[in-house]
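Visitor: Here it is, the structure in full.
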Amino acid sequence: MEAQIDYSQLIPNNVGLSSDRKLQRALESWHPKFMNWWQTNGPDSYQENEVYLRTAVSVDKKGWAHFGPVKMPDYRWGIFLAESHEQDKRIKFGEHQGEKVWQEVPAEYRAPLRRLIVTQGDTEPASVEQQRILAATAPSLVDMRNLFQVNVEEARHLWAMVYLLMAHFGRDGREEAEELLQRSSGDPDKPRILGAFNEQTPDWLSFYMFTYFTDRDGKYQLASLTESAFDPLARTCQFMLTEEAHHMHVGETGVARIIQKACDIMNQYKTDDVRRHGGIDLPTLQKYVNFHFSVSEDLFGAEISTNAANYYTQGLKGRYQENRIKDDHRLKDEPYEVSTFRDQKIAKEEVSALTSINERLRDDYIEDCQRGVNRWNKLIKDAGIEFEIKLPHRAFHRQIGTFSSACVAPDGSVISSDQWEEKKLEWLPSQQDHEYVKSLMVQVTEPGKFASWIAAPRIGINSQAIDYEYVRL
Ligand SMILES: [Fe+2]
Ligand SMILES: [Fe+2]
C-alpha cells in the first residue's frame, strides 16, 4: 500500500493492481462500459471542454490533490484506499470485537456485505444522473466547474465500490458491477435502489440543498462503513470521505451565497420583495430546507431496525466515530433514547441501543446539519435582517419509520391530515415556487459574472481569481 498513486496505468491506483492480472483484466473490461455510461448518463454536453478539475495524486493528508484543466472524459478515475496507520488493526465492535480485521470477506457475511457495498455504490452514479442537465443553467463558470467536480468524484466513488465487488466477490461481484451501470435514476424498469435517488435535481437551488443535506447522509453512511471489520471497505470509504467533504462544502457555500444575495437585495432596495429583484427569498429557501432535510433523514432508515443491529453485531457497519463512544461496543444491554409516534403523540422512549443504530446515526446527522444552518443564520444576522432558518422537527414530512403515518408541522406539533393538506404548501415548495426558481435558472458563462439570484463566492478555486475561466467554452 502506497500513499502515492500510480498514474502510469489505464486505471490509476494505489492497490498494486498490476500484480493482480485477473482483477486488472476484469476492471479493464469494465472501463469502456463505464466510459459509455459516463457519455450517455453523465453531464449533458461539455465533454469536450476543458474544466479546471482537481485530481487525487496521493492519499495522504497533505497535498493530495492536483488542479488543472482537464476534459472530463480524460479525468483519471482511479482506485484509492486510505493508508493503514495501525500496525495491528483490530475490530472495534460487535461479536468479533478484538479480533484482527478481515482482509478477505468471511463466507458467512458475503451476502450482507455485498448488499451494503451495492447499495452504497448505486447512489454514486445515481447522483450524477440526477444532475445531468444542470450545466445548461449554471449561474456561473465557477458553479459549473463545481458541479463537474462533484460529478467526476461521484463517478470515482462508483469505481471504488466496483473495485471492492470485483476484488472480493468473484463472478457475483462482476455481475453487480454490470448492473450498477444498467440501473438508471428515474428509469421505470431499472430504477436506482433508493427512492430519493430516482428524483431529478431540477434546479441549482435543489443541487445546493442536495449537496448540503443528501451528500451529508453519504458522509454518515461512509463514516459508519469506515468502522467496518472488512478492512478494504473501511479504507476505501475513508478516502471517499475526503471527497465527500468537498461536496458538502459546495452545498454549504452555494446556499450561503443564495442567502447573501437575498440579504443584499433586501438591504439595497429596502424591501422584503426579493423576487421582484430576481433573488430567492428566504421563506422559499426555508421551504427547500424543509424538503431536502426531511427526505435526507429518511435515507437513514427506520428508527428500529434488526438489519442495522445485525450489521453491527456482525462487525460490518459501525456507528459514527465508534472510538469516541464510551460503552462496551457490543450493545447487548445498552439503552438508547428514540422519539416514537404512538396514540397520535410524539414521545421519547428508551429502547435497545443495538436496534436503534439507525436513529443514533440520524441524531449525529441532524446535529451536523444544524452547524451549517447556524453559519447561514449568522450571515443573515450580520446583514441586519431578522429571519432565522430552522431545521424542521424530525417528525416533519417523513416517509420512513415511526413518523411515516404522522402529520406533523415543522415545529413538531401533531396536526390532523386535513390541517396538513391545508398547510403543506406553506411548508414545502409549491408548484409556483418551483416554477419561480426554474424561471431564474439561466446560464451565465462570462467569467466573473453571476446569475441574479446568487452572490459571487468569496474566493476562487485553488487561489485562482473569481473571473478565471473555470470551464473553457
Ligand atoms: Fe459519493
Ligand atoms: Fe458526494
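Just remember, in the C-alpha cells the first chain shown is A, the second B, etc., residues are 1-based per chain, and ligands are 1-based in the order shown.
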All residues within 7 Å of ligand 1 are required, counting only C-alpha atoms and all ligand atoms; please report them as a PDB file with N, CA and C atoms, in the first residue's frame.
Guide:
ATOM      1  N   GLU A 124     -23.911   6.444  -6.032  1.00  0.00           N
ATOM      2  CA  GLU A 124     -22.852   7.293  -6.602  1.00  0.00           C
ATOM      3  C   GLU A 124     -23.168   7.692  -8.051  1.00  0.00           C
ATOM      4  N   GLU A 153     -16.158  13.068  -9.173  1.00  0.00           N
ATOM      5  CA  GLU A 153     -15.812  12.369  -7.928  1.00  0.00           C
ATOM      6  C   GLU A 153     -16.863  11.334  -7.548  1.00  0.00           C
ATOM      7  N   GLU A 154     -18.135  11.624  -7.805  1.00  0.00           N
ATOM      8  CA  GLU A 154     -19.159  10.603  -7.538  1.00  0.00           C
ATOM      9  C   GLU A 154     -18.916   9.400  -8.452  1.00  0.00           C
ATOM     10  N   HIS A 157     -16.344   7.378  -6.964  1.00  0.00           N
ATOM     11  CA  HIS A 157     -16.874   6.561  -5.864  1.00  0.00           C
ATOM     12  C   HIS A 157     -17.500   5.274  -6.401  1.00  0.00           C
ATOM     13  N   GLY A 218     -24.584  10.733   2.903  1.00  0.00           N
ATOM     14  CA  GLY A 218     -23.473   9.919   2.387  1.00  0.00           C
ATOM     15  C   GLY A 218     -22.301   9.930   3.347  1.00  0.00           C
ATOM     16  N   MET A 240     -12.928   8.143   0.412  1.00  0.00           N
ATOM     17  CA  MET A 240     -14.105   8.791  -0.179  1.00  0.00           C
ATOM     18  C   MET A 240     -14.588   9.966   0.667  1.00  0.00           C
ATOM     19  N   GLU A 244     -16.070  13.639  -0.197  1.00  0.00           N
ATOM     20  CA  GLU A 244     -17.429  13.984   0.249  1.00  0.00           C
ATOM     21  C   GLU A 244     -17.429  15.332   0.976  1.00  0.00           C
TER      22      GLU A 244
END
Visitor: Mind checking which residues fall within 7 Å of A:Thr355, counting only C-alpha atoms, ignoring those fewer than 4 positions away in the same chain, and posting them as a ChimeraX atom specification?
Guide: /A:304-306,308-309
Visitor: Take the residues just selected and output them with C-alpha atoms as a PDB file, in the first residue's frame.
Guide:
ATOM      1  CA  ILE A 304     -35.831   0.399  15.000  1.00  0.00           C
ATOM      2  CA  SER A 305     -34.054  -1.953  12.649  1.00  0.00           C
ATOM      3  CA  THR A 306     -32.934  -5.529  13.142  1.00  0.00           C
ATOM      4  CA  ALA A 308     -28.870  -2.467  11.316  1.00  0.00           C
ATOM      5  CA  ALA A 309     -28.493  -4.406  14.569  1.00  0.00           C
TER       6      ALA A 309
END
Visitor: With only C-alpha atoms and all ligand atoms counted, collect every polymer residue having an atom within 12 Å of ligand 2; state the result as a compact mmCIF listing (two decimals) with N, CA and C atoms, in the first residue's frame.
Guide:
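That gives us out-v2.txt:
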# COMPACT_ATOMS: atom_id res chain seq x y z
N GLN A 120 -24.51 1.23 -1.39
CA GLN A 120 -23.70 2.45 -1.38
C GLN A 120 -23.28 2.79 -2.82
N GLY A 121 -22.80 1.79 -3.54
CA GLY A 121 -22.31 2.01 -4.91
C GLY A 121 -23.37 2.56 -5.83
N THR A 123 -25.79 4.63 -5.21
CA THR A 123 -26.10 6.06 -5.03
C THR A 123 -25.12 6.94 -5.80
N GLU A 124 -23.91 6.44 -6.03
CA GLU A 124 -22.85 7.29 -6.60
C GLU A 124 -23.17 7.69 -8.05
N PRO A 125 -23.37 6.72 -8.97
CA PRO A 125 -23.74 7.12 -10.33
C PRO A 125 -25.13 7.76 -10.35
N ALA A 126 -25.99 7.37 -9.41
CA ALA A 126 -27.36 7.93 -9.40
C ALA A 126 -27.32 9.44 -9.31
N SER A 127 -26.47 9.98 -8.42
CA SER A 127 -26.48 11.43 -8.23
C SER A 127 -25.95 12.13 -9.49
N VAL A 128 -25.01 11.49 -10.18
CA VAL A 128 -24.52 12.07 -11.45
C VAL A 128 -25.68 12.15 -12.45
N GLN A 131 -28.16 14.90 -11.79
CA GLN A 131 -27.66 16.27 -12.04
C GLN A 131 -27.25 16.51 -13.49
N ASN A 146 -17.84 23.49 -10.27
CA ASN A 146 -18.10 22.75 -9.02
C ASN A 146 -19.02 21.56 -9.27
N LEU A 147 -20.01 21.77 -10.12
CA LEU A 147 -20.90 20.67 -10.48
C LEU A 147 -20.11 19.52 -11.10
N PHE A 148 -19.26 19.86 -12.07
CA PHE A 148 -18.49 18.82 -12.75
C PHE A 148 -17.51 18.12 -11.81
N GLN A 149 -16.94 18.90 -10.89
CA GLN A 149 -16.02 18.30 -9.92
C GLN A 149 -16.76 17.26 -9.06
N VAL A 150 -17.94 17.65 -8.59
CA VAL A 150 -18.73 16.71 -7.80
C VAL A 150 -19.06 15.49 -8.66
N ASN A 151 -19.44 15.70 -9.91
CA ASN A 151 -19.83 14.59 -10.79
C ASN A 151 -18.68 13.60 -11.02
N VAL A 152 -17.48 14.12 -11.34
CA VAL A 152 -16.38 13.17 -11.60
C VAL A 152 -16.02 12.40 -10.32
N GLU A 153 -16.16 13.07 -9.17
CA GLU A 153 -15.81 12.37 -7.93
C GLU A 153 -16.86 11.33 -7.55
N GLU A 154 -18.13 11.62 -7.81
CA GLU A 154 -19.16 10.60 -7.54
C GLU A 154 -18.92 9.40 -8.45
N ALA A 155 -18.50 9.69 -9.68
CA ALA A 155 -18.19 8.58 -10.60
C ALA A 155 -16.99 7.79 -10.08
N ARG A 156 -16.04 8.48 -9.47
CA ARG A 156 -14.90 7.76 -8.88
C ARG A 156 -15.36 6.90 -7.70
N HIS A 157 -16.34 7.38 -6.96
CA HIS A 157 -16.87 6.56 -5.86
C HIS A 157 -17.50 5.27 -6.40
N LEU A 158 -18.08 5.37 -7.59
CA LEU A 158 -18.58 4.15 -8.23
C LEU A 158 -17.41 3.19 -8.48
N PHE A 207 -29.84 21.56 -6.26
CA PHE A 207 -28.50 20.99 -6.29
C PHE A 207 -27.73 21.33 -5.03
N TYR A 208 -27.80 22.62 -4.63
CA TYR A 208 -27.06 23.00 -3.43
C TYR A 208 -27.66 22.40 -2.17
N PHE A 210 -29.19 19.54 -2.14
CA PHE A 210 -28.83 18.12 -2.23
C PHE A 210 -27.40 17.91 -1.73
N THR A 211 -26.47 18.75 -2.19
CA THR A 211 -25.08 18.54 -1.77
C THR A 211 -24.90 18.87 -0.28
N TYR A 212 -25.74 19.77 0.25
CA TYR A 212 -25.64 20.03 1.69
C TYR A 212 -26.28 18.89 2.50
N PHE A 213 -27.52 18.55 2.18
CA PHE A 213 -28.25 17.60 3.04
C PHE A 213 -28.07 16.14 2.63
N THR A 214 -28.10 15.85 1.33
CA THR A 214 -28.09 14.44 0.93
C THR A 214 -26.67 13.89 0.86
N ASP A 215 -25.70 14.69 0.38
CA ASP A 215 -24.31 14.23 0.46
C ASP A 215 -23.89 14.03 1.92
N ARG A 216 -24.52 14.76 2.81
CA ARG A 216 -24.18 14.59 4.23
C ARG A 216 -24.70 13.24 4.76
N ASP A 217 -25.82 12.79 4.24
CA ASP A 217 -26.23 11.42 4.57
C ASP A 217 -25.10 10.49 4.12
N GLY A 218 -24.58 10.73 2.90
CA GLY A 218 -23.47 9.92 2.39
C GLY A 218 -22.30 9.93 3.35
N LYS A 219 -21.99 11.10 3.87
CA LYS A 219 -20.87 11.19 4.83
C LYS A 219 -21.09 10.25 6.01
N TYR A 220 -22.29 10.23 6.55
CA TYR A 220 -22.54 9.40 7.74
C TYR A 220 -22.58 7.92 7.41
N GLN A 221 -23.11 7.59 6.22
CA GLN A 221 -23.07 6.17 5.81
C GLN A 221 -21.62 5.73 5.63
N LEU A 222 -20.83 6.56 4.95
CA LEU A 222 -19.43 6.21 4.71
C LEU A 222 -18.67 6.12 6.03
N CYS A 237 -13.69 3.65 2.03
CA CYS A 237 -14.64 4.69 2.46
C CYS A 237 -13.91 5.86 3.12
N MET A 240 -12.93 8.14 0.41
CA MET A 240 -14.11 8.79 -0.18
C MET A 240 -14.59 9.97 0.67
N LEU A 241 -14.40 9.85 1.98
CA LEU A 241 -14.86 10.92 2.88
C LEU A 241 -14.17 12.25 2.60
N THR A 242 -12.91 12.20 2.17
CA THR A 242 -12.22 13.46 1.90
C THR A 242 -12.87 14.16 0.71
N GLU A 243 -13.32 13.38 -0.27
CA GLU A 243 -14.01 13.97 -1.41
C GLU A 243 -15.41 14.44 -1.03
N GLU A 244 -16.07 13.64 -0.20
CA GLU A 244 -17.43 13.98 0.25
C GLU A 244 -17.43 15.33 0.98
N ALA A 245 -16.38 15.59 1.74
CA ALA A 245 -16.29 16.86 2.49
C ALA A 245 -16.37 18.03 1.51
N HIS A 246 -15.74 17.87 0.36
CA HIS A 246 -15.78 18.94 -0.64
C HIS A 246 -17.19 19.14 -1.18
N HIS A 247 -17.93 18.03 -1.39
CA HIS A 247 -19.29 18.16 -1.92
C HIS A 247 -20.18 18.93 -0.95
N MET A 248 -20.03 18.63 0.33
CA MET A 248 -20.85 19.33 1.32
C MET A 248 -20.45 20.81 1.41
N HIS A 249 -19.16 21.07 1.19
CA HIS A 249 -18.69 22.45 1.18
C HIS A 249 -19.31 23.21 0.01
N VAL A 250 -19.37 22.56 -1.14
CA VAL A 250 -20.02 23.16 -2.31
C VAL A 250 -21.47 23.49 -1.95
N GLY A 251 -22.15 22.57 -1.28
CA GLY A 251 -23.55 22.80 -0.88
C GLY A 251 -23.68 23.93 0.11
Visitor: DSSP on the backbone, helix (DSSP H, G or I) only: what residues of stretch 97-225 of chain A does that give? Format it as a PyMOL selection string.
Guide: chain A and resi 107-130+134-137+141-168+170-182+195-198+204-225
Visitor: Taking 6 positions as the minimum chain separation for residues in the same chain, which residues sit within 8 Å of stretch 104-118 of chain A when counting only C-alpha atoms? Answer as a list in words.
Guide: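 The contact residues come out as Met161, Leu164, Leu165, His168, Phe169, Gly173, Glu176, Leu180, Phe230, Tyr311, Gln314 and Leu316 of chain A.
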Visitor: With N, CA and C atoms retained, could you export that selection as a PDB file, in the first residue's frame?
Guide:
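Output contents, as saved in result_35.pdb:
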ATOM      1  N   MET A 161     -16.394   1.344  -5.318  1.00  0.00           N
ATOM      2  CA  MET A 161     -17.253   0.228  -4.923  1.00  0.00           C
ATOM      3  C   MET A 161     -17.115  -0.946  -5.898  1.00  0.00           C
ATOM      4  N   LEU A 164     -14.139  -3.033  -5.026  1.00  0.00           N
ATOM      5  CA  LEU A 164     -14.394  -3.972  -3.921  1.00  0.00           C
ATOM      6  C   LEU A 164     -15.187  -5.179  -4.403  1.00  0.00           C
ATOM      7  N   LEU A 165     -16.185  -4.918  -5.238  1.00  0.00           N
ATOM      8  CA  LEU A 165     -17.017  -6.019  -5.737  1.00  0.00           C
ATOM      9  C   LEU A 165     -16.186  -6.994  -6.567  1.00  0.00           C
ATOM     10  N   HIS A 168     -13.334  -8.856  -4.436  1.00  0.00           N
ATOM     11  CA  HIS A 168     -13.673  -9.712  -3.301  1.00  0.00           C
ATOM     12  C   HIS A 168     -14.925 -10.560  -3.469  1.00  0.00           C
ATOM     13  N   PHE A 169     -15.661 -10.390  -4.564  1.00  0.00           N
ATOM     14  CA  PHE A 169     -16.917 -11.138  -4.684  1.00  0.00           C
ATOM     15  C   PHE A 169     -17.011 -11.951  -5.972  1.00  0.00           C
ATOM     16  N   GLY A 173     -19.637 -10.413  -7.976  1.00  0.00           N
ATOM     17  CA  GLY A 173     -19.185  -9.024  -7.941  1.00  0.00           C
ATOM     18  C   GLY A 173     -19.139  -8.432  -9.334  1.00  0.00           C
ATOM     19  N   GLU A 176     -22.659  -7.657 -10.390  1.00  0.00           N
ATOM     20  CA  GLU A 176     -23.154  -6.453  -9.715  1.00  0.00           C
ATOM     21  C   GLU A 176     -22.579  -5.189 -10.367  1.00  0.00           C
ATOM     22  N   LEU A 180     -24.695  -2.057 -11.905  1.00  0.00           N
ATOM     23  CA  LEU A 180     -24.569  -0.676 -11.432  1.00  0.00           C
ATOM     24  C   LEU A 180     -24.630   0.304 -12.600  1.00  0.00           C
ATOM     25  N   PHE A 230     -14.337  -5.373   7.787  1.00  0.00           N
ATOM     26  CA  PHE A 230     -13.789  -5.698   6.467  1.00  0.00           C
ATOM     27  C   PHE A 230     -12.911  -4.525   6.038  1.00  0.00           C
ATOM     28  N   TYR A 311     -25.992  -5.937  11.216  1.00  0.00           N
ATOM     29  CA  TYR A 311     -24.767  -5.399  10.618  1.00  0.00           C
ATOM     30  C   TYR A 311     -23.765  -5.048  11.725  1.00  0.00           C
ATOM     31  N   GLN A 314     -22.430  -8.188  13.563  1.00  0.00           N
ATOM     32  CA  GLN A 314     -21.521  -8.931  12.689  1.00  0.00           C
ATOM     33  C   GLN A 314     -20.222  -8.169  12.406  1.00  0.00           C
ATOM     34  N   LEU A 316     -19.989  -5.429  10.469  1.00  0.00           N
ATOM     35  CA  LEU A 316     -19.930  -4.948   9.085  1.00  0.00           C
ATOM     36  C   LEU A 316     -20.041  -3.433   8.996  1.00  0.00           C
TER      37      LEU A 316
END
Visitor: Could you give me, as a PyMOL selection string, the residues within 7 Å of stretch 27-43 of chain A, counting only C-alpha atoms and dropping anything in the same chain fewer than 6 positions from it?
Guide: chain A and resi 128-129+132-133+181
Visitor: Using atom CA of A:Leu225 and atom CA of A:Gly318 as the two end points, give the distance in Å to one decimal.
Guide: 6.4 Å
Visitor: Mind the document's chain letters and residue numbers, and return as a count of residues only the residues of stretch 222-420 of chain A that DSSP labels strand (DSSP E).
Guide: 16
